[in-house]
Amino acid sequence: MDVTLRDFSIRTSTSTVAAGTVAFNIDNRGPATHEFVVVRTDLPHDRLPAAADGLSVDEDALTGVGEISEVDIWKSYTLQLRLAPGTYVFFCNLEGHYLGGMSGTLVVSDDA
Ligand SMILES: [Cu+2]
């Protein structure tokens with residue numbers, strides 16, 4: 001699936017994928033460095049627990065699945081994850097970016 005990062009949104013080519021190996025083809029369209037973090041949670045993507053700084057998400061309070069911690073501007077990355085059926089949330093956790101709207105939900109279904 002394709003993932004496009006920009007200030008401040010994350011767009012994905014799909015919101016549902018089949019369980020198994022999922023390749024996230026991540027593109028940063030700038031104008032800042034971003035990050036791509038995937039966690040497994042049933043929380044709505046805009047209701048993740050806040051960290052003490054109030055500007056980012058408390059990743060320690062969530063079940064991390066994978067991430068690319070530095071997505072440079074105008075570069076492309078591939079993140080491959082083995083995902084079991086369930087609900088996942090992805091976000092950018094650089095200061096303020098999550099609050100700016102950089103998050104979304106991915107549903108992994110169990111049908112092949
Ligand atoms: Cu960001």
# chains A, B, ... in the order shown; residues from 1 in each chain; ligands from 1

$ residues_around --residues "Gly20 in chain A" --least-positions-apart "3" --cutoff "8 Å" --atoms "only C-alpha atoms" --output "MDAnalysis selection string"
chainID A and resid 82:84

$ write_last_selection --atoms "C-alpha atoms" --output "PDB file, in the first residue's frame"
ATOM      1  CA  ARG A  82       3.717  -9.047   9.233  1.00  0.00           C
ATOM      2  CA  LEU A  83       0.290  -8.016  10.431  1.00  0.00           C
ATOM      3  CA  ALA A  84      -2.274 -10.197  12.181  1.00  0.00           C
TER       4      ALA A  84
END

$ residues_around --residues "range 102-106 of chain A" --least-positions-apart "3" --cutoff "12 Å" --atoms "only C-alpha atoms" --output "VMD selection string"
chain A and resid 1 3 to 19 22 24 34 to 48 56 to 57 83 to 99 109

$ write_last_selection --atoms "C-alpha atoms" --output "compact mmCIF listing (two decimals), in the first residue's frame"
# COMPACT_ATOMS: atom_id res chain seq x y z
CA MET A 1 0.00 0.00 0.00
CA VAL A 3 1.62 6.07 2.10
CA THR A 4 2.12 9.78 1.43
CA LEU A 5 3.40 12.05 4.20
CA ARG A 6 3.20 15.82 4.14
CA ASP A 7 2.65 18.74 6.50
CA PHE A 8 0.34 17.70 8.12
CA SER A 9 -1.41 14.66 6.77
CA ILE A 10 -0.87 10.99 6.07
CA ARG A 11 -2.66 9.65 3.02
CA THR A 12 -2.87 5.96 2.26
CA SER A 13 -3.96 4.17 -0.89
CA THR A 14 -6.23 1.89 1.13
CA SER A 15 -7.68 1.65 4.64
CA THR A 16 -8.06 -2.14 4.67
CA VAL A 17 -5.55 -4.87 3.85
CA ALA A 18 -5.48 -8.65 4.18
CA ALA A 19 -3.47 -10.17 7.02
CA VAL A 22 2.14 -5.78 4.26
CA PHE A 24 4.14 0.22 3.20
CA HIS A 34 8.51 13.02 9.16
CA GLU A 35 8.16 9.69 10.86
CA PHE A 36 5.94 6.66 10.32
CA VAL A 37 4.93 4.67 13.40
CA VAL A 38 2.49 1.75 13.42
CA VAL A 39 0.82 0.52 16.62
CA ARG A 40 -1.86 -2.06 17.27
CA THR A 41 -4.77 -0.47 19.10
CA ASP A 42 -8.54 -0.21 19.03
CA LEU A 43 -8.36 3.46 19.99
CA PRO A 44 -9.55 5.99 17.42
CA HIS A 45 -6.49 7.39 15.63
CA ASP A 46 -7.17 10.86 17.05
CA ARG A 47 -7.47 9.64 20.64
CA LEU A 48 -4.04 8.20 21.35
CA SER A 56 3.40 13.93 20.97
CA VAL A 57 2.00 10.47 21.53
CA LEU A 83 0.29 -8.02 10.43
CA ALA A 84 -2.27 -10.20 12.18
CA PRO A 85 -5.96 -9.37 11.78
CA GLY A 86 -6.95 -6.38 13.88
CA THR A 87 -7.03 -2.62 13.98
CA TYR A 88 -3.88 -0.56 13.69
CA VAL A 89 -3.14 3.12 13.92
CA PHE A 90 -0.26 4.88 12.15
CA PHE A 91 1.05 8.33 12.94
CA CYS A 92 3.99 10.71 12.81
CA ASN A 93 5.30 11.39 16.30
CA LEU A 94 7.53 14.37 15.71
CA GLU A 95 6.56 17.23 18.05
CA GLY A 96 3.18 18.60 17.12
CA HIS A 97 2.79 16.60 13.93
CA TYR A 98 0.31 14.13 15.40
CA LEU A 99 -1.76 17.03 16.75
CA SER A 109 -8.84 -8.37 7.78

$ atom_distance --atom1 "CA of Ala52 in chain A" --atom2 "CA of Val107 in chain A"
28.6 Å

$ closest_residue --among "A:Glu70, A:Asp2, A:Asp53, A:Asp58" --to "ligand 1" --atoms "only C-alpha atoms and all ligand atoms"
A:Glu70

$ select_by_dssp --residues "range 70-109 of chain A" --states "strand (DSSP E or B)" --output "JSON, numbers by chain"
{"A": [70, 71, 76, 77, 78, 79, 80, 81, 82, 83, 86, 87, 88, 89, 90, 91, 103, 104, 105, 106, 107, 108, 109]}

$ closest_residue --among "A:Leu79, A:Ala61, A:Ala50, A:Ile68" --to "ligand 1" --atoms "only C-alpha atoms and all ligand atoms"
A:Ile68

$ atom_distance --atom1 "CA of Pro49 in chain A" --atom2 "CA of Glu67 in chain A"
17.7 Å

$ residues_around --residues "Thr78 in chain A" --least-positions-apart "2" --cutoff "8 Å" --atoms "only C-alpha atoms" --output "short mmCIF file (atom, residue, chain, number, x, y, z; two decimals) with C-alpha atoms, in the first residue's frame"
data_model
loop_
_atom_site.label_atom_id
_atom_site.label_comp_id
_atom_site.auth_asym_id
_atom_site.auth_seq_id
_atom_site.Cartn_x
_atom_site.Cartn_y
_atom_site.Cartn_z
CA ALA A 23 4.53 -3.47 2.45
CA PHE A 24 4.14 0.22 3.20
CA ASN A 25 5.64 2.27 0.38
CA ILE A 26 6.25 5.56 2.14
CA SER A 76 10.88 6.92 -0.42
CA GLN A 80 7.45 -4.46 5.60
#

$ closest_residue --among "A:Val108, A:Ile73, A:Leu81, A:Ala51" --to "ligand 1" --atoms "only C-alpha atoms and all ligand atoms"
A:Ile73

$ closest_residue --among "A:Thr21, A:Val65, A:Asp72, A:Glu59" --to "ligand 1" --atoms "only C-alpha atoms and all ligand atoms"
A:Asp72

$ closest_residue --among "A:Asp60, A:Val71, A:Asp27, A:Tyr77" --to "ligand 1" --atoms "only C-alpha atoms and all ligand atoms"
A:Val71

$ closest_residue --among "A:Lys75, A:Gly101, A:Gly64, A:Gly54" --to "ligand 1" --atoms "only C-alpha atoms and all ligand atoms"
A:Gly101

$ decode --residues "chain A" --atoms "C-alpha atoms" --output "PDB file, in the first residue's frame"
ATOM      1  CA  MET A   1       0.000   0.000   0.000  1.00  0.00           C
ATOM      2  CA  ASP A   2       1.145   3.532  -0.667  1.00  0.00           C
ATOM      3  CA  VAL A   3       1.625   6.075   2.101  1.00  0.00           C
ATOM      4  CA  THR A   4       2.119   9.780   1.432  1.00  0.00           C
ATOM      5  CA  LEU A   5       3.400  12.049   4.197  1.00  0.00           C
ATOM      6  CA  ARG A   6       3.201  15.824   4.138  1.00  0.00           C
ATOM      7  CA  ASP A   7       2.649  18.740   6.502  1.00  0.00           C
ATOM      8  CA  PHE A   8       0.342  17.702   8.115  1.00  0.00           C
ATOM      9  CA  SER A   9      -1.409  14.659   6.774  1.00  0.00           C
ATOM     10  CA  ILE A  10      -0.871  10.986   6.070  1.00  0.00           C
ATOM     11  CA  ARG A  11      -2.656   9.654   3.024  1.00  0.00           C
ATOM     12  CA  THR A  12      -2.870   5.958   2.259  1.00  0.00           C
ATOM     13  CA  SER A  13      -3.958   4.173  -0.890  1.00  0.00           C
ATOM     14  CA  THR A  14      -6.233   1.895   1.131  1.00  0.00           C
ATOM     15  CA  SER A  15      -7.676   1.646   4.642  1.00  0.00           C
ATOM     16  CA  THR A  16      -8.064  -2.140   4.667  1.00  0.00           C
ATOM     17  CA  VAL A  17      -5.547  -4.869   3.849  1.00  0.00           C
ATOM     18  CA  ALA A  18      -5.481  -8.647   4.176  1.00  0.00           C
ATOM     19  CA  ALA A  19      -3.472 -10.166   7.015  1.00  0.00           C
ATOM     20  CA  GLY A  20       0.067 -11.282   6.257  1.00  0.00           C
ATOM     21  CA  THR A  21       3.052  -9.370   5.003  1.00  0.00           C
ATOM     22  CA  VAL A  22       2.137  -5.779   4.265  1.00  0.00           C
ATOM     23  CA  ALA A  23       4.533  -3.466   2.448  1.00  0.00           C
ATOM     24  CA  PHE A  24       4.139   0.217   3.198  1.00  0.00           C
ATOM     25  CA  ASN A  25       5.641   2.271   0.384  1.00  0.00           C
ATOM     26  CA  ILE A  26       6.249   5.562   2.140  1.00  0.00           C
ATOM     27  CA  ASP A  27       6.832   8.846   0.356  1.00  0.00           C
ATOM     28  CA  ASN A  28       7.659  12.081   2.134  1.00  0.00           C
ATOM     29  CA  ARG A  29       6.433  15.080   0.149  1.00  0.00           C
ATOM     30  CA  GLY A  30       7.762  17.495   2.769  1.00  0.00           C
ATOM     31  CA  PRO A  31       8.337  20.162   3.585  1.00  0.00           C
ATOM     32  CA  ALA A  32       9.711  18.629   6.799  1.00  0.00           C
ATOM     33  CA  THR A  33      11.214  15.365   7.972  1.00  0.00           C
ATOM     34  CA  HIS A  34       8.514  13.016   9.159  1.00  0.00           C
ATOM     35  CA  GLU A  35       8.159   9.691  10.862  1.00  0.00           C
ATOM     36  CA  PHE A  36       5.942   6.659  10.324  1.00  0.00           C
ATOM     37  CA  VAL A  37       4.927   4.674  13.399  1.00  0.00           C
ATOM     38  CA  VAL A  38       2.491   1.746  13.420  1.00  0.00           C
ATOM     39  CA  VAL A  39       0.816   0.518  16.620  1.00  0.00           C
ATOM     40  CA  ARG A  40      -1.855  -2.055  17.272  1.00  0.00           C
ATOM     41  CA  THR A  41      -4.775  -0.473  19.096  1.00  0.00           C
ATOM     42  CA  ASP A  42      -8.541  -0.209  19.026  1.00  0.00           C
ATOM     43  CA  LEU A  43      -8.358   3.458  19.988  1.00  0.00           C
ATOM     44  CA  PRO A  44      -9.555   5.993  17.425  1.00  0.00           C
ATOM     45  CA  HIS A  45      -6.494   7.393  15.633  1.00  0.00           C
ATOM     46  CA  ASP A  46      -7.168  10.865  17.046  1.00  0.00           C
ATOM     47  CA  ARG A  47      -7.475   9.641  20.642  1.00  0.00           C
ATOM     48  CA  LEU A  48      -4.041   8.197  21.355  1.00  0.00           C
ATOM     49  CA  PRO A  49      -2.511   8.815  24.815  1.00  0.00           C
ATOM     50  CA  ALA A  50      -0.455  12.007  25.017  1.00  0.00           C
ATOM     51  CA  ALA A  51       3.134  12.067  26.232  1.00  0.00           C
ATOM     52  CA  ALA A  52       4.218  14.340  29.095  1.00  0.00           C
ATOM     53  CA  ASP A  53       5.254  17.093  26.681  1.00  0.00           C
ATOM     54  CA  GLY A  54       1.679  17.330  25.433  1.00  0.00           C
ATOM     55  CA  LEU A  55       2.991  17.564  21.865  1.00  0.00           C
ATOM     56  CA  SER A  56       3.404  13.932  20.967  1.00  0.00           C
ATOM     57  CA  VAL A  57       1.997  10.468  21.533  1.00  0.00           C
ATOM     58  CA  ASP A  58       3.130   8.298  24.449  1.00  0.00           C
ATOM     59  CA  GLU A  59       4.490   5.393  22.401  1.00  0.00           C
ATOM     60  CA  ASP A  60       5.416   3.469  25.555  1.00  0.00           C
ATOM     61  CA  ALA A  61       1.710   3.216  26.382  1.00  0.00           C
ATOM     62  CA  LEU A  62       0.990   1.545  23.045  1.00  0.00           C
ATOM     63  CA  THR A  63       1.857  -1.739  21.372  1.00  0.00           C
ATOM     64  CA  GLY A  64       4.372  -0.831  18.711  1.00  0.00           C
ATOM     65  CA  VAL A  65       4.424  -2.921  15.559  1.00  0.00           C
ATOM     66  CA  GLY A  66       7.038  -1.139  13.493  1.00  0.00           C
ATOM     67  CA  GLU A  67       8.296   2.247  12.469  1.00  0.00           C
ATOM     68  CA  ILE A  68      10.634   4.289  10.350  1.00  0.00           C
ATOM     69  CA  SER A  69      11.834   6.927  12.747  1.00  0.00           C
ATOM     70  CA  GLU A  70      13.235   9.323  10.203  1.00  0.00           C
ATOM     71  CA  VAL A  71      11.620   9.779   6.826  1.00  0.00           C
ATOM     72  CA  ASP A  72      13.676  12.345   4.945  1.00  0.00           C
ATOM     73  CA  ILE A  73      12.096  14.872   2.618  1.00  0.00           C
ATOM     74  CA  TRP A  74      11.537  13.739  -0.961  1.00  0.00           C
ATOM     75  CA  LYS A  75      12.682  10.233  -0.188  1.00  0.00           C
ATOM     76  CA  SER A  76      10.875   6.923  -0.418  1.00  0.00           C
ATOM     77  CA  TYR A  77      11.029   4.072   2.046  1.00  0.00           C
ATOM     78  CA  THR A  78       9.542   0.616   2.316  1.00  0.00           C
ATOM     79  CA  LEU A  79       8.451  -0.792   5.644  1.00  0.00           C
ATOM     80  CA  GLN A  80       7.453  -4.455   5.595  1.00  0.00           C
ATOM     81  CA  LEU A  81       5.430  -5.757   8.506  1.00  0.00           C
ATOM     82  CA  ARG A  82       3.717  -9.047   9.233  1.00  0.00           C
ATOM     83  CA  LEU A  83       0.290  -8.016  10.431  1.00  0.00           C
ATOM     84  CA  ALA A  84      -2.274 -10.197  12.181  1.00  0.00           C
ATOM     85  CA  PRO A  85      -5.960  -9.372  11.784  1.00  0.00           C
ATOM     86  CA  GLY A  86      -6.953  -6.383  13.879  1.00  0.00           C
ATOM     87  CA  THR A  87      -7.027  -2.624  13.981  1.00  0.00           C
ATOM     88  CA  TYR A  88      -3.877  -0.561  13.687  1.00  0.00           C
ATOM     89  CA  VAL A  89      -3.136   3.125  13.919  1.00  0.00           C
ATOM     90  CA  PHE A  90      -0.261   4.877  12.150  1.00  0.00           C
ATOM     91  CA  PHE A  91       1.051   8.333  12.938  1.00  0.00           C
ATOM     92  CA  CYS A  92       3.994  10.710  12.805  1.00  0.00           C
ATOM     93  CA  ASN A  93       5.295  11.385  16.295  1.00  0.00           C
ATOM     94  CA  LEU A  94       7.526  14.372  15.712  1.00  0.00           C
ATOM     95  CA  GLU A  95       6.556  17.230  18.047  1.00  0.00           C
ATOM     96  CA  GLY A  96       3.181  18.602  17.119  1.00  0.00           C
ATOM     97  CA  HIS A  97       2.791  16.597  13.927  1.00  0.00           C
ATOM     98  CA  TYR A  98       0.315  14.127  15.404  1.00  0.00           C
ATOM     99  CA  LEU A  99      -1.757  17.030  16.746  1.00  0.00           C
ATOM    100  CA  GLY A 100      -1.517  18.575  13.287  1.00  0.00           C
ATOM    101  CA  GLY A 101      -3.396  15.628  11.869  1.00  0.00           C
ATOM    102  CA  MET A 102      -0.744  13.113  10.917  1.00  0.00           C
ATOM    103  CA  SER A 103      -2.528   9.887  11.845  1.00  0.00           C
ATOM    104  CA  GLY A 104      -4.905   7.314  10.455  1.00  0.00           C
ATOM    105  CA  THR A 105      -6.406   3.864  10.914  1.00  0.00           C
ATOM    106  CA  LEU A 106      -5.633   0.642   9.073  1.00  0.00           C
ATOM    107  CA  VAL A 107      -7.896  -2.388   9.373  1.00  0.00           C
ATOM    108  CA  VAL A 108      -6.264  -5.763   8.740  1.00  0.00           C
ATOM    109  CA  SER A 109      -8.840  -8.374   7.776  1.00  0.00           C
ATOM    110  CA  ASP A 110      -8.439 -12.111   8.150  1.00  0.00           C
ATOM    111  CA  ASP A 111      -9.604 -13.067   4.687  1.00  0.00           C
ATOM    112  CA  ALA A 112      -6.792 -13.838   2.296  1.00  0.00           C
TER     113      ALA A 112
END
